Structure formats: structure tokens, C-alpha cells
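Student: Data: structure-v9.cif, mmCIF, C-alpha atoms and all ligand atoms; chains and numbers go by the auth columns.
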data_final
#
loop_
_atom_site.group_PDB
_atom_site.id
_atom_site.type_symbol
_atom_site.label_atom_id
_atom_site.label_comp_id
_atom_site.label_asym_id
_atom_site.label_seq_id
_atom_site.Cartn_x
_atom_site.Cartn_y
_atom_site.Cartn_z
_atom_site.B_iso_or_equiv
_atom_site.auth_seq_id
_atom_site.auth_asym_id
ATOM 1 C CA MET A 1 105.127 120.631 114.051 0.00 30 W
ATOM 2 C CA SER A 2 104.445 118.627 110.886 0.00 31 W
ATOM 3 C CA SER A 3 107.204 116.324 109.699 0.00 32 W
ATOM 4 C CA LEU A 4 108.024 114.985 106.225 0.00 33 W
ATOM 5 C CA PHE A 5 107.626 111.355 107.366 0.00 34 W
ATOM 6 C CA LEU A 6 105.899 109.459 110.178 0.00 35 W
ATOM 7 C CA ASP A 7 107.820 108.929 113.404 0.00 36 W
ATOM 8 C CA PRO A 8 109.628 105.570 112.888 0.00 37 W
ATOM 9 C CA LYS A 9 109.441 104.777 116.602 0.00 38 W
ATOM 10 C CA ARG A 10 105.682 105.168 116.839 0.00 39 W
ATOM 11 C CA PRO A 11 103.453 102.271 115.710 0.00 40 W
ATOM 12 C CA LEU A 12 100.892 102.938 112.983 0.00 41 W
ATOM 13 C CA SER A 13 97.459 104.104 114.099 0.00 42 W
ATOM 14 C CA THR A 14 96.025 100.728 113.025 0.00 43 W
ATOM 15 C CA CYS A 15 98.618 98.872 115.141 0.00 44 W
ATOM 16 C CA SER A 16 97.809 97.777 118.695 0.00 45 W
ATOM 17 C CA SER A 17 101.482 97.508 119.748 0.00 46 W
ATOM 18 C CA THR A 18 102.937 100.151 121.986 0.00 47 W
ATOM 19 C CA ASP A 19 106.421 100.109 120.471 0.00 48 W
ATOM 20 C CA CYS A 20 107.994 99.147 117.121 0.00 49 W
ATOM 21 C CA GLN A 21 111.357 98.419 118.718 0.00 50 W
ATOM 22 C CA ASP A 22 111.162 94.620 119.136 0.00 51 W
ATOM 23 C CA CYS A 23 108.484 93.935 116.554 0.00 52 W
ATOM 24 C CA PRO A 24 109.416 90.965 114.300 0.00 53 W
ATOM 25 C CA VAL A 25 107.340 92.455 111.469 0.00 54 W
ATOM 26 C CA ARG A 26 109.707 95.388 111.320 0.00 55 W
ATOM 27 C CA ASP A 27 112.470 93.408 109.570 0.00 56 W
ATOM 28 C CA HIS A 28 110.166 92.301 106.749 0.00 57 W
ATOM 29 C CA LEU A 29 107.500 94.931 106.282 0.00 58 W
ATOM 30 C CA GLN A 30 107.863 98.638 105.659 0.00 59 W
ATOM 31 C CA CYS A 31 105.571 100.297 108.204 0.00 60 W
ATOM 32 C CA HIS A 32 107.529 103.573 108.123 0.00 61 W
ATOM 33 C CA PHE A 33 109.332 105.482 105.415 0.00 62 W
ATOM 34 C CA CYS A 34 112.202 107.932 105.147 0.00 63 W
ATOM 35 C CA GLY A 35 113.843 110.131 102.521 0.00 64 W
ATOM 36 C CA LYS A 36 116.073 107.253 101.406 0.00 65 W
ATOM 37 C CA ASP A 37 113.005 105.140 100.506 0.00 66 W
ATOM 38 C CA LEU A 38 111.554 108.003 98.481 0.00 67 W
ATOM 39 C CA VAL A 39 114.824 108.604 96.613 0.00 68 W
ATOM 40 C CA GLN A 40 115.174 104.880 95.918 0.00 69 W
ATOM 41 C CA PHE A 41 111.644 104.776 94.513 0.00 70 W
ATOM 42 C CA LEU A 42 112.284 107.770 92.244 0.00 71 W
ATOM 43 C CA PHE A 43 115.559 106.231 91.065 0.00 72 W
ATOM 44 C CA ILE A 44 113.679 103.050 90.082 0.00 73 W
ATOM 45 C CA ALA A 45 110.541 104.646 88.650 0.00 74 W
ATOM 46 C CA LEU A 46 111.738 107.731 86.782 0.00 75 W
ATOM 47 C CA PRO A 47 114.058 106.297 84.040 0.00 76 W
ATOM 48 C CA PRO A 48 111.274 104.792 81.844 0.00 77 W
ATOM 49 C CA PHE A 49 109.310 108.042 82.206 0.00 78 W
ATOM 50 C CA ILE A 50 112.334 110.066 81.073 0.00 79 W
ATOM 51 C CA VAL A 51 112.965 107.844 78.038 0.00 80 W
ATOM 52 C CA GLY A 52 109.236 107.715 77.172 0.00 81 W
ATOM 53 C CA GLY A 53 109.096 111.504 77.464 0.00 82 W
ATOM 54 C CA MET A 54 112.083 111.830 75.113 0.00 83 W
ATOM 55 C CA GLY A 55 110.218 109.737 72.539 0.00 84 W
ATOM 56 C CA ILE A 56 107.172 112.008 72.781 0.00 85 W
ATOM 57 C CA VAL A 57 109.241 115.217 72.564 0.00 86 W
ATOM 58 C CA HIS A 58 111.000 113.853 69.480 0.00 87 W
ATOM 59 C CA LEU A 59 107.657 114.049 67.627 0.00 88 W
ATOM 60 C CA ASN A 60 106.101 117.069 69.319 0.00 89 W
ATOM 61 C CA GLY A 61 106.718 118.426 72.820 0.00 90 W
ATOM 62 C CA TRP A 62 103.090 119.515 73.157 0.00 91 W
ATOM 63 C CA TYR A 63 102.022 115.878 73.254 0.00 92 W
ATOM 64 C CA LEU A 64 103.670 115.699 76.678 0.00 93 W
ATOM 65 C CA VAL A 65 100.749 117.712 78.098 0.00 94 W
ATOM 66 C CA PRO A 66 98.033 114.986 77.857 0.00 95 W
ATOM 67 C CA TRP A 67 100.496 112.432 79.271 0.00 96 W
ATOM 68 C CA PHE A 68 101.396 114.745 82.118 0.00 97 W
ATOM 69 C CA VAL A 69 97.693 115.301 82.886 0.00 98 W
ATOM 70 C CA LEU A 70 97.066 111.536 82.725 0.00 99 W
ATOM 71 C CA CYS A 71 99.966 110.786 85.120 0.00 100 W
ATOM 72 C CA LEU A 72 98.931 113.533 87.499 0.00 101 W
ATOM 73 C CA SER A 73 95.286 112.410 87.579 0.00 102 W
ATOM 74 C CA TYR A 74 96.191 108.764 87.995 0.00 103 W
ATOM 75 C CA PHE A 75 99.004 108.942 90.552 0.00 104 W
ATOM 76 C CA GLY A 76 97.489 111.944 92.306 0.00 105 W
ATOM 77 C CA PHE A 77 93.866 110.832 92.552 0.00 106 W
ATOM 78 C CA VAL A 78 92.618 107.691 90.765 0.00 107 W
ATOM 79 C CA GLU A 79 95.233 105.277 92.114 0.00 108 W
ATOM 80 C CA ILE A 80 94.919 106.833 95.549 0.00 109 W
ATOM 81 C CA ARG A 81 91.167 106.152 95.571 0.00 110 W
ATOM 82 C CA VAL A 82 91.215 102.614 94.170 0.00 111 W
ATOM 83 C CA MET A 83 94.424 101.311 95.777 0.00 112 W
ATOM 84 C CA CYS A 84 96.087 103.533 98.401 0.00 113 W
ATOM 85 C CA SER A 85 92.873 104.154 100.362 0.00 114 W
ATOM 86 C CA HIS A 86 93.100 100.455 101.352 0.00 115 W
ATOM 87 C CA CYS A 87 96.624 100.895 102.764 0.00 116 W
ATOM 88 C CA PRO A 88 97.264 101.134 106.537 0.00 117 W
ATOM 89 C CA HIS A 89 99.610 104.053 105.811 0.00 118 W
ATOM 90 C CA TYR A 90 96.609 105.942 104.405 0.00 119 W
ATOM 91 C CA ALA A 91 94.836 105.515 107.765 0.00 120 W
ATOM 92 C CA GLU A 92 97.304 107.758 109.618 0.00 121 W
ATOM 93 C CA PRO A 93 95.426 110.663 111.179 0.00 122 W
ATOM 94 C CA GLY A 94 96.876 114.175 111.195 0.00 123 W
ATOM 95 C CA THR A 95 98.242 114.083 107.651 0.00 124 W
ATOM 96 C CA LYS A 96 96.333 115.349 104.633 0.00 125 W
ATOM 97 C CA SER A 97 98.667 113.718 102.119 0.00 126 W
ATOM 98 C CA LEU A 98 100.679 110.501 101.776 0.00 127 W
ATOM 99 C CA GLN A 99 104.128 110.347 103.356 0.00 128 W
ATOM 100 C CA CYS A 100 105.365 107.065 101.918 0.00 129 W
ATOM 101 C CA TRP A 101 107.841 105.866 99.308 0.00 130 W
ATOM 102 C CA ALA A 102 105.519 106.119 96.271 0.00 131 W
ATOM 103 C CA ASN A 103 102.822 108.717 95.578 0.00 132 W
ATOM 104 C CA TYR A 104 104.401 110.958 98.201 0.00 133 W
ATOM 105 C CA GLY A 105 102.311 114.108 98.610 0.00 134 W
ATOM 106 C CA SER A 106 99.148 112.768 96.945 0.00 135 W
ATOM 107 C CA PRO A 107 96.096 114.091 98.809 0.00 136 W
ATOM 108 C CA LYS A 108 94.026 111.824 101.044 0.00 137 W
ATOM 109 C CA LEU A 109 90.552 112.908 99.922 0.00 138 W
ATOM 110 C CA TRP A 110 88.734 109.678 100.781 0.00 139 W
ATOM 111 C CA LYS A 111 88.277 107.753 103.995 0.00 140 W
ATOM 112 C CA TYR A 112 90.466 104.781 104.843 0.00 141 W
ATOM 113 C CA ARG A 113 88.899 101.559 103.535 0.00 142 W
ATOM 114 C CA PRO A 114 90.685 98.546 105.050 0.00 143 W
ATOM 115 C CA GLY A 115 90.364 95.186 103.308 0.00 144 W
ATOM 116 C CA PRO A 116 90.803 94.047 99.703 0.00 145 W
ATOM 117 C CA MET A 117 90.200 96.036 96.538 0.00 146 W
ATOM 118 C CA SER A 118 87.051 95.212 94.568 0.00 147 W
ATOM 119 C CA ALA A 119 87.268 93.680 91.078 0.00 148 W
ATOM 120 C CA GLY A 120 86.273 97.064 89.614 0.00 149 W
ATOM 121 C CA GLU A 121 89.028 98.857 91.522 0.00 150 W
ATOM 122 C CA LYS A 122 91.583 96.332 90.276 0.00 151 W
ATOM 123 C CA ARG A 123 90.406 96.901 86.691 0.00 152 W
ATOM 124 C CA VAL A 124 90.756 100.690 87.055 0.00 153 W
ATOM 125 C CA PHE A 125 94.202 100.207 88.643 0.00 154 W
ATOM 126 C CA PHE A 126 95.506 98.131 85.715 0.00 155 W
ATOM 127 C CA VAL A 127 93.788 100.139 82.955 0.00 156 W
ATOM 128 C CA GLY A 128 95.465 103.294 84.318 0.00 157 W
ATOM 129 C CA LEU A 129 98.902 101.666 84.286 0.00 158 W
ATOM 130 C CA VAL A 130 98.394 100.367 80.730 0.00 159 W
ATOM 131 C CA LEU A 131 97.332 103.827 79.497 0.00 160 W
ATOM 132 C CA ILE A 132 100.306 105.528 81.151 0.00 161 W
ATOM 133 C CA ALA A 133 102.795 103.055 79.662 0.00 162 W
ATOM 134 C CA GLY A 134 100.938 102.761 76.343 0.00 163 W
ATOM 135 C CA TYR A 135 100.936 106.493 75.586 0.00 164 W
ATOM 136 C CA PRO A 136 104.727 106.931 75.120 0.00 165 W
ATOM 137 C CA LEU A 137 104.930 103.449 73.635 0.00 166 W
ATOM 138 C CA ALA A 138 102.640 104.567 70.787 0.00 167 W
ATOM 139 C CA PHE A 139 104.956 107.527 70.037 0.00 168 W
ATOM 140 C CA LEU A 140 108.027 105.323 70.060 0.00 169 W
ATOM 141 C CA VAL A 141 106.443 102.828 67.660 0.00 170 W
ATOM 142 C CA LEU A 142 104.718 105.332 65.335 0.00 171 W
ATOM 143 C CA GLY A 143 107.851 107.498 65.260 0.00 172 W
ATOM 144 C CA MET A 144 109.950 104.379 64.491 0.00 173 W
ATOM 145 C CA GLN A 145 112.341 105.283 67.317 0.00 174 W
ATOM 146 C CA TRP A 146 113.603 101.743 67.658 0.00 175 W
ATOM 147 C CA LEU A 147 116.604 102.432 69.884 0.00 176 W
ATOM 148 C CA LEU A 148 114.561 104.460 72.363 0.00 177 W
ATOM 149 C CA LEU A 149 111.802 101.843 72.176 0.00 178 W
ATOM 150 C CA ALA A 150 114.238 99.068 73.119 0.00 179 W
ATOM 151 C CA LEU A 151 115.637 101.182 75.980 0.00 180 W
ATOM 152 C CA PHE A 152 112.113 102.024 77.175 0.00 181 W
ATOM 153 C CA LEU A 153 111.074 98.349 77.232 0.00 182 W
ATOM 154 C CA VAL A 154 114.247 97.318 79.083 0.00 183 W
ATOM 155 C CA LEU A 155 113.734 100.075 81.657 0.00 184 W
ATOM 156 C CA VAL A 156 110.084 99.087 82.192 0.00 185 W
ATOM 157 C CA VAL A 157 111.153 95.487 82.854 0.00 186 W
ATOM 158 C CA VAL A 158 113.972 96.624 85.186 0.00 187 W
ATOM 159 C CA MET A 159 111.543 98.917 87.021 0.00 188 W
ATOM 160 C CA GLY A 160 109.022 96.067 87.446 0.00 189 W
ATOM 161 C CA ALA A 161 111.686 93.663 88.720 0.00 190 W
ATOM 162 C CA ALA A 162 113.230 96.205 91.096 0.00 191 W
ATOM 163 C CA MET A 163 109.847 97.230 92.522 0.00 192 W
ATOM 164 C CA HIS A 164 108.817 93.605 92.907 0.00 193 W
ATOM 165 C CA THR A 165 111.950 92.800 94.909 0.00 194 W
ATOM 166 C CA LEU A 166 112.553 95.986 96.852 0.00 195 W
ATOM 167 C CA MET A 167 109.013 97.261 97.437 0.00 196 W
ATOM 168 C CA CYS A 168 106.131 94.839 96.686 0.00 197 W
ATOM 169 C CA LYS A 169 107.722 92.181 98.925 0.00 198 W
ATOM 170 C CA HIS A 170 107.721 94.595 101.863 0.00 199 W
ATOM 171 C CA CYS A 171 104.610 96.692 101.285 0.00 200 W
ATOM 172 C CA MET A 172 101.917 96.811 103.968 0.00 201 W
ATOM 173 C CA ASN A 173 99.132 97.310 101.416 0.00 202 W
ATOM 174 C CA PHE A 174 98.076 93.670 100.966 0.00 203 W
ATOM 175 C CA ALA A 175 95.117 94.876 98.877 0.00 204 W
ATOM 176 C CA CYS A 176 97.336 95.821 95.941 0.00 205 W
ATOM 177 C CA PRO A 177 97.190 93.138 93.207 0.00 206 W
ATOM 178 C CA LEU A 178 100.995 93.389 92.886 0.00 207 W
ATOM 179 C CA ASN A 179 101.641 92.883 96.613 0.00 208 W
ATOM 180 C CA ASN A 180 104.039 90.034 97.200 0.00 209 W
ATOM 181 C CA VAL A 181 104.294 89.774 100.992 0.00 210 W
ATOM 182 C CA ASP A 182 104.697 86.296 102.437 0.00 211 W
ATOM 183 C CA GLN A 183 101.589 84.809 104.178 0.00 212 W
ATOM 184 C CA LYS A 184 103.466 84.328 107.470 0.00 213 W
ATOM 185 C CA ILE A 185 104.440 88.011 107.569 0.00 214 W
ATOM 186 C CA ARG A 186 100.896 89.014 106.654 0.00 215 W
ATOM 187 C CA ALA A 187 99.627 86.921 109.578 0.00 216 W
ATOM 188 C CA ASP A 188 102.119 88.603 111.946 0.00 217 W
ATOM 189 C CA PHE A 189 100.995 92.020 110.740 0.00 218 W
ATOM 190 C CA PHE A 190 97.306 91.073 111.126 0.00 219 W
ATOM 191 C CA LYS A 191 97.967 90.009 114.758 0.00 220 W
ATOM 192 C CA ARG A 192 99.148 93.510 115.545 0.00 221 W
ATOM 193 C CA ASN A 193 96.666 95.385 113.345 0.00 222 W
ATOM 194 C CA PRO A 194 93.173 94.187 114.357 0.00 223 W
ATOM 195 C CA VAL A 195 91.290 96.768 112.251 0.00 224 W
ATOM 196 C CA VAL A 196 93.031 95.514 109.131 0.00 225 W
ATOM 197 C CA ALA A 197 92.651 91.846 110.138 0.00 226 W
ATOM 198 C CA ARG A 198 88.899 92.236 110.775 0.00 227 W
ATOM 199 C CA ALA A 199 88.337 93.885 107.389 0.00 228 W
ATOM 200 C CA TRP A 200 90.153 91.046 105.632 0.00 229 W
ATOM 201 C CA SER A 201 88.395 88.290 107.604 0.00 230 W
ATOM 202 C CA ARG A 202 84.972 89.818 106.785 0.00 231 W
ATOM 203 C CA THR A 203 85.701 89.709 103.066 0.00 232 W
ATOM 204 C CA ASN A 204 87.225 86.211 103.205 0.00 233 W
ATOM 205 C CA LYS A 205 84.008 84.680 104.593 0.00 234 W
HETATM 206 S S1 LIG B . 103.484 96.047 112.913 0.00 1 Q
HETATM 207 FE FE1 LIG B . 103.159 97.745 114.356 0.00 1 Q
HETATM 208 S S2 LIG B . 104.765 97.509 115.896 0.00 1 Q
HETATM 209 FE FE2 LIG B . 105.366 96.283 114.128 0.00 1 Q
HETATM 210 S S3 LIG B . 106.691 97.639 112.929 0.00 1 Q
HETATM 211 FE FE3 LIG B . 104.600 97.837 112.109 0.00 1 Q
HETATM 212 S S4 LIG B . 103.687 99.594 113.203 0.00 1 Q
HETATM 213 FE FE4 LIG B . 105.537 98.945 114.351 0.00 1 Q
HETATM 214 S S1 LIG B . 99.904 101.577 98.778 0.00 2 Q
HETATM 215 FE FE1 LIG B . 102.046 102.266 98.608 0.00 2 Q
HETATM 216 S S2 LIG B . 101.892 104.265 97.628 0.00 2 Q
HETATM 217 FE FE2 LIG B . 99.869 103.803 98.429 0.00 2 Q
HETATM 218 S S3 LIG B . 99.802 104.656 100.512 0.00 2 Q
HETATM 219 FE FE3 LIG B . 100.468 102.545 100.727 0.00 2 Q
HETATM 220 S S4 LIG B . 102.682 102.627 100.728 0.00 2 Q
HETATM 221 FE FE4 LIG B . 101.953 104.585 99.877 0.00 2 Q
#
Reformat the file's structure so that it appears as C-alpha cells.
Tutor:
Amino acid sequence: MSSLFLDPKRPLSTCSSTDCQDCPVRDHLQCHFCGKDLVQFLFIALPPFIVGGMGIVHLNGWYLVPWFVLCLSYFGFVEIRVMCSHCPHYAEPGTKSLQCWANYGSPKLWKYRPGPMSAGEKRVFFVGLVLIAGYPLAFLVLGMQWLLLALFLVLVVVMGAAMHTLMCKHCMNFACPLNNVDQKIRADFFKRNPVVARAWSRTNK
């Protein structure tokens, strides 16, 4: 029977350990996810989208459509290809879509590619984020919606800070340019995940 999240007691498919129970990595790195993680992510990420969307609707609701298409293409496909396909979570067999805290449900159309992102992938990753944030920003500025603009900017900063602390510091995708996991914890994870370690050591030569 398929489940909404991976079994928290079972090590990742990239992990050579037999049990997660006494793993020291477990206290620092998020190898498994649950509904609470997903809700927390949505609580952090959605507010700037809601305020940005209000700014667009204020001028013309139809302008939401291109933004919606952009978000769907980026978070559903482009980001998955350039960033998530490097993540050990992506390597899990038996699931056709992601079951993590962000991008939950996005399809896994490409093969798992352990190791760092290329310079081109990083460029695509950042350009996508700038376009997604820049689109509502343009409506807020051109529509002179100063109060909403201030709220939007504050919420973007709060979102960045909250993600940095609560997620990027504990994320197993070391390839992401925003990943902030300590080197010691990375080394502990590499010890248990030889496929990932080998891919990183090849590219560090
Ligand atoms: S590194 Fe392996 S054993 Fe440790 S928590 Fe992650 S999946 Fe479990
Ligand atoms: S990088 Fe983050 S969003 Fe992408 S698969 Fe890994 S945990 Fe999920």
C-alpha cells in the first residue's frame, strides 16, 4: 500500500545503515518527512504568495494566470530537474513523486543524479526564483500599492530567514546553493551514504 510519506524507521535507499534508530545524523539532518513538516513549510512559504497574489488581483485577476503557470512549471518541473534530482530523497525507489517538505507531489521524471549542481543548473535555479518573486513585485510597484509592497518584502525576508533556520540547515540536498548544513554533519551523512559520497568526491577532484 502506498503511503503519504516514507517510513521514518527505514533508512534511505542511498544509506548503508540498517536502522535509523541510533543514527547521530538523525538529530541534525532531515532524512524523513511527515505531515507536520509539510504544514510548517506551507505556513512559511505561502504568506508572500498570498500578498503578491493580492497585488496582482488588485490590477487584474487575469494576470494571475501567467504567474500560476510560471510557479507550476518551476516548482513542478524545472526546479525538480535542476535541484531536486540531486537530492537523496529523490533517489527513493517505488515513488513517482516527491514526498518531502517542499515540492510535495512534484513528479520524478528524471533519474537521480547524485553530486553537486552544475553552474548552469544553479543559474536556472536562481533565475526561476527571481522571476517568480519579480512578477508580483512589478504589479505592486507599478500599481503603487505601497502598503502591500512593504508587507510583501517583509514576508519574503521572514520566509528566507525561517527557511534558512528551519530547513536549509537540516536539508540532505547538499547540492542546493542555499544548503546550510554543517561540514561535520555532511561528513557523517557521507559515511552512511556511499553513493552520495562517491559522487561528491568525484566532482571535488
Ligand atoms: S543517515 Fe541513514 S540511518 Fe541516519 S537517519 Fe539518515 S537514513 Fe537513517
Ligand atoms: S531538495 Fe528539498 S524539495 Fe527537493 S527533493 Fe530534496 S527535500 Fe524535497
Student: So how far away is CA of Ala191 (chain W) from CA of Ile73 (chain W), in Å?
Tutor: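 For CA of Ile73 (chain W) relative to CA of Ala191 (chain W), the distance reads 6.9 Å.
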Student: Kindly compile the residues surrounding ligand LIG 1 (chain Q) within 8 Å, counting only C-alpha atoms and all ligand atoms, and format them as a PyMOL selection string.
Tutor: chain W and resi 37-56+58-61+217-218+221-222
Student: Apply the PyMOL selection byres (((chain W and resi 143-154) around 8) and not hetatm) to the displayed file and report the matching residues as an mmCIF file with C-alpha atoms, keeping the file's coordinate frame.
Tutor:
data_model
loop_
_atom_site.group_PDB
_atom_site.id
_atom_site.type_symbol
_atom_site.label_atom_id
_atom_site.label_comp_id
_atom_site.auth_asym_id
_atom_site.auth_seq_id
_atom_site.Cartn_x
_atom_site.Cartn_y
_atom_site.Cartn_z
ATOM 1 C CA VAL W 107 92.618 107.691 90.765
ATOM 2 C CA GLU W 108 95.233 105.277 92.114
ATOM 3 C CA VAL W 111 91.215 102.614 94.170
ATOM 4 C CA MET W 112 94.424 101.311 95.777
ATOM 5 C CA SER W 114 92.873 104.154 100.362
ATOM 6 C CA HIS W 115 93.100 100.455 101.352
ATOM 7 C CA CYS W 116 96.624 100.895 102.764
ATOM 8 C CA PRO W 117 97.264 101.134 106.537
ATOM 9 C CA TYR W 141 90.466 104.781 104.843
ATOM 10 C CA ARG W 142 88.899 101.559 103.535
ATOM 11 C CA PHE W 155 95.506 98.131 85.715
ATOM 12 C CA VAL W 156 93.788 100.139 82.955
ATOM 13 C CA GLY W 157 95.465 103.294 84.318
ATOM 14 C CA LEU W 158 98.902 101.666 84.286
ATOM 15 C CA PHE W 203 98.076 93.670 100.966
ATOM 16 C CA ALA W 204 95.117 94.876 98.877
ATOM 17 C CA CYS W 205 97.336 95.821 95.941
ATOM 18 C CA PRO W 206 97.190 93.138 93.207
ATOM 19 C CA VAL W 224 91.290 96.768 112.251
ATOM 20 C CA VAL W 225 93.031 95.514 109.131
ATOM 21 C CA ALA W 226 92.651 91.846 110.138
ATOM 22 C CA ALA W 228 88.337 93.885 107.389
ATOM 23 C CA TRP W 229 90.153 91.046 105.632
ATOM 24 C CA THR W 232 85.701 89.709 103.066
#
Student: Could you tell me, as a PyMOL selection string, which residues have any atom at most 12 Å from (108.9, 112.9, 73.4), counting all atoms listed in the file?
Tutor: chain W and resi 77-97+164-172+174+177-178+181
Student: Convert the current residue selection to file output with C-alpha atoms, as an mmCIF file, in the frame of the given file.
Tutor:
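New file out.cif:
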data_model
loop_
_atom_site.group_PDB
_atom_site.id
_atom_site.type_symbol
_atom_site.label_atom_id
_atom_site.label_comp_id
_atom_site.auth_asym_id
_atom_site.auth_seq_id
_atom_site.Cartn_x
_atom_site.Cartn_y
_atom_site.Cartn_z
ATOM 1 C CA PRO W 77 111.274 104.792 81.844
ATOM 2 C CA PHE W 78 109.310 108.042 82.206
ATOM 3 C CA ILE W 79 112.334 110.066 81.073
ATOM 4 C CA VAL W 80 112.965 107.844 78.038
ATOM 5 C CA GLY W 81 109.236 107.715 77.172
ATOM 6 C CA GLY W 82 109.096 111.504 77.464
ATOM 7 C CA MET W 83 112.083 111.830 75.113
ATOM 8 C CA GLY W 84 110.218 109.737 72.539
ATOM 9 C CA ILE W 85 107.172 112.008 72.781
ATOM 10 C CA VAL W 86 109.241 115.217 72.564
ATOM 11 C CA HIS W 87 111.000 113.853 69.480
ATOM 12 C CA LEU W 88 107.657 114.049 67.627
ATOM 13 C CA ASN W 89 106.101 117.069 69.319
ATOM 14 C CA GLY W 90 106.718 118.426 72.820
ATOM 15 C CA TRP W 91 103.090 119.515 73.157
ATOM 16 C CA TYR W 92 102.022 115.878 73.254
ATOM 17 C CA LEU W 93 103.670 115.699 76.678
ATOM 18 C CA VAL W 94 100.749 117.712 78.098
ATOM 19 C CA PRO W 95 98.033 114.986 77.857
ATOM 20 C CA TRP W 96 100.496 112.432 79.271
ATOM 21 C CA PHE W 97 101.396 114.745 82.118
ATOM 22 C CA TYR W 164 100.936 106.493 75.586
ATOM 23 C CA PRO W 165 104.727 106.931 75.120
ATOM 24 C CA LEU W 166 104.930 103.449 73.635
ATOM 25 C CA ALA W 167 102.640 104.567 70.787
ATOM 26 C CA PHE W 168 104.956 107.527 70.037
ATOM 27 C CA LEU W 169 108.027 105.323 70.060
ATOM 28 C CA VAL W 170 106.443 102.828 67.660
ATOM 29 C CA LEU W 171 104.718 105.332 65.335
ATOM 30 C CA GLY W 172 107.851 107.498 65.260
ATOM 31 C CA GLN W 174 112.341 105.283 67.317
ATOM 32 C CA LEU W 177 114.561 104.460 72.363
ATOM 33 C CA LEU W 178 111.802 101.843 72.176
ATOM 34 C CA PHE W 181 112.113 102.024 77.175
#
Student: Write out as a tab-separated table the residues of chain W that have any atom within 7 Å of an atom of ligand LIG 2 (chain Q), one row each with the nearest atom pair and its distance in Å to one decimal, counting only C-alpha atoms and all ligand atoms, sorted by chain and then rising number.
Tutor:
residue	atom	partner	partner_atom	distance
W:Ile109	CA	Q:LIG2	FE2	6.5
W:Met112	CA	Q:LIG2	S1	6.3
W:Cys113	CA	Q:LIG2	FE2	3.8
W:Ser114	CA	Q:LIG2	S3	6.9
W:Cys116	CA	Q:LIG2	FE3	4.7
W:Pro117	CA	Q:LIG2	FE3	6.8
W:His118	CA	Q:LIG2	S3	5.3
W:Tyr119	CA	Q:LIG2	S3	5.2
W:Leu127	CA	Q:LIG2	S3	6.0
W:Cys129	CA	Q:LIG2	FE4	4.7
W:Trp130	CA	Q:LIG2	FE4	6.1
W:Ala131	CA	Q:LIG2	S2	4.3
W:Asn132	CA	Q:LIG2	S2	5.0
W:Cys200	CA	Q:LIG2	S4	6.3
W:Met201	CA	Q:LIG2	S4	6.7
W:Asn202	CA	Q:LIG2	S1	5.1
W:Cys205	CA	Q:LIG2	S1	6.9
Student: Could you write out that same residue set with C-alpha atoms as a compact mmCIF listing (two decimals), in the frame of the given file?
Tutor:
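Just written: result.txt:
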# COMPACT_ATOMS: atom_id res chain seq x y z
CA ILE W 109 94.92 106.83 95.55
CA MET W 112 94.42 101.31 95.78
CA CYS W 113 96.09 103.53 98.40
CA SER W 114 92.87 104.15 100.36
CA CYS W 116 96.62 100.90 102.76
CA PRO W 117 97.26 101.13 106.54
CA HIS W 118 99.61 104.05 105.81
CA TYR W 119 96.61 105.94 104.40
CA LEU W 127 100.68 110.50 101.78
CA CYS W 129 105.36 107.06 101.92
CA TRP W 130 107.84 105.87 99.31
CA ALA W 131 105.52 106.12 96.27
CA ASN W 132 102.82 108.72 95.58
CA CYS W 200 104.61 96.69 101.28
CA MET W 201 101.92 96.81 103.97
CA ASN W 202 99.13 97.31 101.42
CA CYS W 205 97.34 95.82 95.94
Student: May I ask for the distance between CA of Asp211 (chain W) and CA of Val186 (chain W), given in Å to one decimal place?
Tutor: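 For CA of Asp211 (chain W) relative to CA of Val186 (chain W), the distance reads 22.6 Å.
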